[in-house]
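coords.cif (mmCIF, N, CA and C atoms) appears below.
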data_model
loop_
_atom_site.group_PDB
_atom_site.id
_atom_site.type_symbol
_atom_site.label_atom_id
_atom_site.label_comp_id
_atom_site.auth_asym_id
_atom_site.auth_seq_id
_atom_site.Cartn_x
_atom_site.Cartn_y
_atom_site.Cartn_z
ATOM 1 N N MET E 540 -22.987 -34.718 -19.562
ATOM 2 C CA MET E 540 -23.069 -33.561 -18.706
ATOM 3 C C MET E 540 -21.731 -32.811 -18.746
ATOM 4 N N ALA E 541 -21.780 -31.547 -19.072
ATOM 5 C CA ALA E 541 -20.560 -30.746 -19.164
ATOM 6 C C ALA E 541 -20.162 -30.253 -17.788
ATOM 7 N N SER E 542 -18.896 -30.362 -17.491
ATOM 8 C CA SER E 542 -18.422 -29.852 -16.192
ATOM 9 C C SER E 542 -17.965 -28.414 -16.374
ATOM 10 N N ALA E 543 -18.342 -27.606 -15.442
ATOM 11 C CA ALA E 543 -17.947 -26.195 -15.493
ATOM 12 C C ALA E 543 -16.584 -26.050 -14.835
ATOM 13 N N SER E 544 -15.613 -25.647 -15.604
ATOM 14 C CA SER E 544 -14.297 -25.424 -15.013
ATOM 15 C C SER E 544 -14.176 -23.950 -14.664
ATOM 16 N N PRO E 545 -13.654 -23.672 -13.485
ATOM 17 C CA PRO E 545 -13.546 -22.271 -13.078
ATOM 18 C C PRO E 545 -12.573 -21.506 -13.968
ATOM 19 N N THR E 546 -12.950 -20.299 -14.289
ATOM 20 C CA THR E 546 -12.091 -19.427 -15.074
ATOM 21 C C THR E 546 -11.180 -18.688 -14.108
ATOM 22 N N PRO E 547 -9.879 -18.736 -14.322
ATOM 23 C CA PRO E 547 -8.991 -18.026 -13.400
ATOM 24 C C PRO E 547 -9.249 -16.522 -13.443
ATOM 25 N N ALA E 548 -9.305 -15.936 -12.276
ATOM 26 C CA ALA E 548 -9.515 -14.489 -12.184
ATOM 27 C C ALA E 548 -8.235 -13.769 -12.593
ATOM 28 N N PRO E 549 -8.372 -12.619 -13.233
ATOM 29 C CA PRO E 549 -7.167 -11.869 -13.578
ATOM 30 C C PRO E 549 -6.419 -11.472 -12.304
ATOM 31 N N SER E 550 -5.127 -11.529 -12.378
ATOM 32 C CA SER E 550 -4.305 -11.211 -11.204
ATOM 33 C C SER E 550 -4.332 -9.715 -10.931
ATOM 34 N N SER E 551 -4.796 -9.344 -9.751
ATOM 35 C CA SER E 551 -4.825 -7.931 -9.391
ATOM 36 C C SER E 551 -3.896 -7.671 -8.208
ATOM 37 N N THR E 552 -3.088 -8.664 -7.879
ATOM 38 C CA THR E 552 -2.151 -8.517 -6.775
ATOM 39 C C THR E 552 -0.944 -7.727 -7.253
ATOM 40 N N PRO E 553 -0.582 -6.673 -6.528
ATOM 41 C CA PRO E 553 0.589 -5.892 -6.957
ATOM 42 C C PRO E 553 1.883 -6.684 -6.770
ATOM 43 N N THR E 554 2.831 -6.398 -7.617
ATOM 44 C CA THR E 554 4.140 -7.036 -7.516
ATOM 45 C C THR E 554 4.939 -6.348 -6.406
ATOM 46 N N PRO E 555 5.983 -6.980 -5.908
ATOM 47 C CA PRO E 555 6.839 -6.318 -4.913
ATOM 48 C C PRO E 555 7.383 -4.981 -5.424
ATOM 49 N N ALA E 556 7.732 -4.908 -6.700
ATOM 50 C CA ALA E 556 8.250 -3.656 -7.262
ATOM 51 C C ALA E 556 7.182 -2.566 -7.250
ATOM 52 N N GLN E 557 5.928 -2.937 -7.545
ATOM 53 C CA GLN E 557 4.833 -1.955 -7.515
ATOM 54 C C GLN E 557 4.575 -1.479 -6.097
ATOM 55 N N LEU E 558 4.648 -2.385 -5.136
ATOM 56 C CA LEU E 558 4.453 -1.991 -3.736
ATOM 57 C C LEU E 558 5.556 -1.044 -3.277
ATOM 58 N N LEU E 559 6.789 -1.351 -3.632
ATOM 59 C CA LEU E 559 7.905 -0.490 -3.249
ATOM 60 C C LEU E 559 7.772 0.889 -3.878
ATOM 61 N N ASP E 560 7.351 0.937 -5.139
ATOM 62 C CA ASP E 560 7.133 2.216 -5.812
ATOM 63 C C ASP E 560 6.051 3.015 -5.097
ATOM 64 N N PHE E 561 4.960 2.344 -4.712
ATOM 65 C CA PHE E 561 3.880 3.015 -3.983
ATOM 66 C C PHE E 561 4.387 3.583 -2.654
ATOM 67 N N VAL E 562 5.146 2.788 -1.916
ATOM 68 C CA VAL E 562 5.663 3.232 -0.619
ATOM 69 C C VAL E 562 6.587 4.428 -0.790
ATOM 70 N N ARG E 563 7.440 4.378 -1.767
ATOM 71 C CA ARG E 563 8.381 5.497 -1.992
ATOM 72 C C ARG E 563 7.643 6.778 -2.390
ATOM 73 N N ARG E 564 6.637 6.645 -3.281
ATOM 74 C CA ARG E 564 5.861 7.826 -3.689
ATOM 75 C C ARG E 564 5.088 8.397 -2.514
ATOM 76 N N THR E 565 4.515 7.520 -1.695
ATOM 77 C CA THR E 565 3.741 7.963 -0.541
ATOM 78 C C THR E 565 4.639 8.661 0.470
ATOM 79 N N ALA E 566 5.793 8.077 0.773
ATOM 80 C CA ALA E 566 6.712 8.669 1.745
ATOM 81 C C ALA E 566 7.264 10.012 1.259
ATOM 82 N N ALA E 567 7.354 10.202 -0.049
ATOM 83 C CA ALA E 567 7.871 11.446 -0.602
ATOM 84 C C ALA E 567 6.816 12.553 -0.640
ATOM 85 N N ASP E 568 5.563 12.221 -0.371
ATOM 86 C CA ASP E 568 4.473 13.192 -0.419
ATOM 87 C C ASP E 568 4.342 13.856 0.958
ATOM 88 N N ALA E 569 5.018 14.984 1.139
ATOM 89 C CA ALA E 569 5.060 15.660 2.444
ATOM 90 C C ALA E 569 3.667 16.059 2.931
ATOM 91 N N GLU E 570 2.799 16.491 2.032
ATOM 92 C CA GLU E 570 1.445 16.892 2.425
ATOM 93 C C GLU E 570 0.655 15.690 2.963
ATOM 94 N N LEU E 571 0.785 14.575 2.299
ATOM 95 C CA LEU E 571 0.099 13.367 2.755
ATOM 96 C C LEU E 571 0.646 12.908 4.107
ATOM 97 N N VAL E 572 1.957 12.885 4.244
ATOM 98 C CA VAL E 572 2.572 12.459 5.508
ATOM 99 C C VAL E 572 2.136 13.380 6.641
ATOM 100 N N ALA E 573 2.074 14.680 6.391
ATOM 101 C CA ALA E 573 1.664 15.635 7.422
ATOM 102 C C ALA E 573 0.201 15.452 7.821
ATOM 103 N N SER E 574 -0.606 14.870 6.931
ATOM 104 C CA SER E 574 -2.025 14.703 7.224
ATOM 105 C C SER E 574 -2.338 13.403 7.964
ATOM 106 N N LEU E 575 -1.344 12.551 8.139
ATOM 107 C CA LEU E 575 -1.582 11.270 8.807
ATOM 108 C C LEU E 575 -1.908 11.480 10.278
ATOM 109 N N PRO E 576 -2.877 10.730 10.783
ATOM 110 C CA PRO E 576 -3.193 10.860 12.209
ATOM 111 C C PRO E 576 -2.066 10.287 13.063
ATOM 112 N N LEU E 577 -1.896 10.853 14.233
ATOM 113 C CA LEU E 577 -0.871 10.378 15.158
ATOM 114 C C LEU E 577 -1.482 9.368 16.117
ATOM 115 N N ASP E 578 -0.659 8.434 16.571
ATOM 116 C CA ASP E 578 -1.132 7.506 17.591
ATOM 117 C C ASP E 578 -1.059 8.210 18.951
ATOM 118 N N PRO E 579 -1.525 7.585 20.035
ATOM 119 C CA PRO E 579 -1.526 8.238 21.335
ATOM 120 C C PRO E 579 -0.142 8.706 21.809
ATOM 121 N N GLU E 580 0.918 8.126 21.250
ATOM 122 C CA GLU E 580 2.278 8.544 21.639
ATOM 123 C C GLU E 580 2.855 9.579 20.679
ATOM 124 N N GLY E 581 2.026 10.088 19.767
ATOM 125 C CA GLY E 581 2.459 11.148 18.863
ATOM 126 C C GLY E 581 3.236 10.655 17.659
ATOM 127 N N ARG E 582 3.126 9.376 17.310
ATOM 128 C CA ARG E 582 3.851 8.837 16.172
ATOM 129 C C ARG E 582 2.902 8.595 15.012
ATOM 130 N N THR E 583 3.440 8.625 13.795
ATOM 131 C CA THR E 583 2.710 8.179 12.608
ATOM 132 C C THR E 583 3.274 6.838 12.240
ATOM 133 N N TRP E 584 2.808 6.292 11.129
ATOM 134 C CA TRP E 584 3.350 5.026 10.653
ATOM 135 C C TRP E 584 4.682 5.230 9.942
ATOM 136 N N VAL E 585 5.088 6.493 9.726
ATOM 137 C CA VAL E 585 6.343 6.791 9.057
ATOM 138 C C VAL E 585 7.436 6.937 10.102
ATOM 139 N N ARG E 586 8.542 6.265 9.883
ATOM 140 C CA ARG E 586 9.668 6.401 10.809
ATOM 141 C C ARG E 586 10.536 7.565 10.409
#

Give the structure from this file in structure tokens form.
Amino acid sequence: MASASPTPAPSSTPTPAQLLDFVRRTAADAELVASLPLDPEGRTWVR
């Protein structure tokens, strides 16, 4: 009887460098930042 060994899934987790690049590009996009909803105290997720 052959045992089925699981095939590892390709890694789709971003690296820390990719995450930092994404955050920097997002923060630099003024139109996107302006479109973010505000919380009840008038803040966005951007400091």

Quote the spacing between CA of Leu571 (chain E) and CA of Ser550 (chain E) in Å to one decimal place. 28.6 Å

May I have the centre and edge lengths, in Å to one decimal, of an axis-aligned box around the listed atoms of region 559-573 of chain E with 5 Å added to every side, as JSON?
{"center_x": 4.2, "center_y": 7.8, "center_z": 1.0, "size_x": 18.3, "size_y": 28.2, "size_z": 23.6}

By how many Å are atom N of Ala567 (chain E) and atom N of Ser551 (chain E) apart? 25.0 Å

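CA of Val562 (chain E) is positioned 15.5 Å from atom C of Ser574 (chain E).
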
Among region 544-584 of chain E, which residues carry a DSSP assignment of helix (DSSP H, G or I), reported as a PyMOL selection string? chain E and resi 555-567+569-574

Can I get a file of region 571-586 of chain E from the given structure, all heavy atoms kept, as a short mmCIF file (atom, residue, chain, number, x, y, z; two decimals), in the first residue's frame?
data_model
loop_
_atom_site.label_atom_id
_atom_site.label_comp_id
_atom_site.auth_asym_id
_atom_site.auth_seq_id
_atom_site.Cartn_x
_atom_site.Cartn_y
_atom_site.Cartn_z
N LEU E 571 -5.16 57.41 -2.25
CA LEU E 571 -5.63 56.26 -1.46
C LEU E 571 -5.79 56.65 0.01
O LEU E 571 -6.81 56.34 0.63
CB LEU E 571 -4.65 55.09 -1.58
CG LEU E 571 -4.95 53.89 -0.70
CD1 LEU E 571 -6.27 53.24 -1.11
CD2 LEU E 571 -3.82 52.89 -0.75
N VAL E 572 -4.80 57.33 0.56
CA VAL E 572 -4.87 57.74 1.97
C VAL E 572 -6.08 58.65 2.19
O VAL E 572 -6.80 58.50 3.18
CB VAL E 572 -3.56 58.43 2.40
CG1 VAL E 572 -3.69 59.04 3.79
CG2 VAL E 572 -2.40 57.42 2.37
N ALA E 573 -6.34 59.56 1.27
CA ALA E 573 -7.48 60.47 1.41
C ALA E 573 -8.82 59.73 1.34
O ALA E 573 -9.82 60.21 1.87
CB ALA E 573 -7.42 61.55 0.33
N SER E 574 -8.83 58.56 0.70
CA SER E 574 -10.08 57.82 0.55
C SER E 574 -10.37 56.89 1.73
O SER E 574 -11.45 56.30 1.79
CB SER E 574 -10.05 56.99 -0.74
OG SER E 574 -9.18 55.87 -0.60
N LEU E 575 -9.44 56.77 2.66
CA LEU E 575 -9.64 55.87 3.79
C LEU E 575 -10.74 56.38 4.70
O LEU E 575 -10.81 57.58 4.97
CB LEU E 575 -8.34 55.72 4.60
CG LEU E 575 -7.20 55.02 3.91
CD1 LEU E 575 -5.94 55.11 4.75
CD2 LEU E 575 -7.54 53.59 3.60
N PRO E 576 -11.58 55.48 5.18
CA PRO E 576 -12.63 55.92 6.11
C PRO E 576 -12.03 56.33 7.45
O PRO E 576 -11.00 55.81 7.87
CB PRO E 576 -13.52 54.68 6.26
CG PRO E 576 -12.63 53.53 5.94
CD PRO E 576 -11.63 54.04 4.93
N LEU E 577 -12.67 57.27 8.10
CA LEU E 577 -12.22 57.73 9.41
C LEU E 577 -12.94 56.95 10.50
O LEU E 577 -14.08 56.54 10.32
CB LEU E 577 -12.49 59.22 9.57
CG LEU E 577 -11.83 60.14 8.53
CD1 LEU E 577 -12.23 61.58 8.79
CD2 LEU E 577 -10.33 59.98 8.53
N ASP E 578 -12.27 56.78 11.63
CA ASP E 578 -12.95 56.17 12.76
C ASP E 578 -13.80 57.23 13.45
O ASP E 578 -13.78 58.41 13.05
CB ASP E 578 -11.94 55.51 13.71
CG ASP E 578 -11.11 56.49 14.53
OD1 ASP E 578 -11.34 57.72 14.45
OD2 ASP E 578 -10.25 56.03 15.27
N PRO E 579 -14.59 56.88 14.47
CA PRO E 579 -15.46 57.85 15.12
C PRO E 579 -14.73 59.08 15.68
O PRO E 579 -15.33 60.14 15.87
CB PRO E 579 -16.11 57.06 16.25
CG PRO E 579 -16.09 55.65 15.77
CD PRO E 579 -14.81 55.53 14.98
N GLU E 580 -13.43 58.96 15.92
CA GLU E 580 -12.66 60.10 16.44
C GLU E 580 -11.96 60.88 15.32
O GLU E 580 -11.15 61.76 15.59
CB GLU E 580 -11.66 59.61 17.47
CG GLU E 580 -12.33 59.03 18.71
CD GLU E 580 -11.34 58.55 19.74
OE1 GLU E 580 -10.14 58.88 19.65
OE2 GLU E 580 -11.77 57.85 20.67
N GLY E 581 -12.28 60.55 14.07
CA GLY E 581 -11.74 61.29 12.94
C GLY E 581 -10.34 60.87 12.53
O GLY E 581 -9.65 61.60 11.83
N ARG E 582 -9.89 59.68 12.93
CA ARG E 582 -8.56 59.22 12.58
C ARG E 582 -8.63 58.15 11.51
O ARG E 582 -9.63 57.46 11.37
CB ARG E 582 -7.87 58.62 13.81
CG ARG E 582 -7.68 59.59 14.95
CD ARG E 582 -7.13 58.90 16.15
NE ARG E 582 -8.10 57.86 16.55
CZ ARG E 582 -8.07 57.23 17.72
NH1 ARG E 582 -7.12 57.49 18.58
NH2 ARG E 582 -8.97 56.32 18.02
N THR E 583 -7.56 58.02 10.73
CA THR E 583 -7.39 56.89 9.82
C THR E 583 -6.38 55.98 10.45
O THR E 583 -5.87 56.24 11.54
CB THR E 583 -6.90 57.33 8.43
OG1 THR E 583 -5.55 57.81 8.58
CG2 THR E 583 -7.77 58.39 7.81
N TRP E 584 -6.01 54.93 9.74
CA TRP E 584 -4.98 54.03 10.25
C TRP E 584 -3.59 54.61 10.02
O TRP E 584 -2.61 54.08 10.49
CB TRP E 584 -5.09 52.66 9.57
CG TRP E 584 -5.00 52.74 8.08
CD1 TRP E 584 -6.01 53.00 7.21
CD2 TRP E 584 -3.83 52.58 7.27
NE1 TRP E 584 -5.55 53.02 5.93
CE2 TRP E 584 -4.22 52.76 5.93
CE3 TRP E 584 -2.51 52.32 7.56
CZ2 TRP E 584 -3.32 52.68 4.88
CZ3 TRP E 584 -1.61 52.23 6.50
CH2 TRP E 584 -2.03 52.41 5.17
N VAL E 585 -3.49 55.74 9.30
CA VAL E 585 -2.21 56.37 9.04
C VAL E 585 -1.93 57.40 10.12
O VAL E 585 -2.77 58.22 10.42
CB VAL E 585 -2.23 57.06 7.65
CG1 VAL E 585 -0.90 57.76 7.39
CG2 VAL E 585 -2.51 56.06 6.55
N ARG E 586 -0.75 57.34 10.68
CA ARG E 586 -0.38 58.33 11.69
C ARG E 586 0.22 59.55 11.03
O ARG E 586 0.90 59.51 10.09
CB ARG E 586 0.64 57.74 12.66
CG ARG E 586 0.01 56.73 13.55
CD ARG E 586 1.04 56.26 14.54
NE ARG E 586 0.41 55.24 15.37
CZ ARG E 586 0.68 55.07 16.64
NH1 ARG E 586 1.56 55.81 17.22
NH2 ARG E 586 0.08 54.14 17.31
#
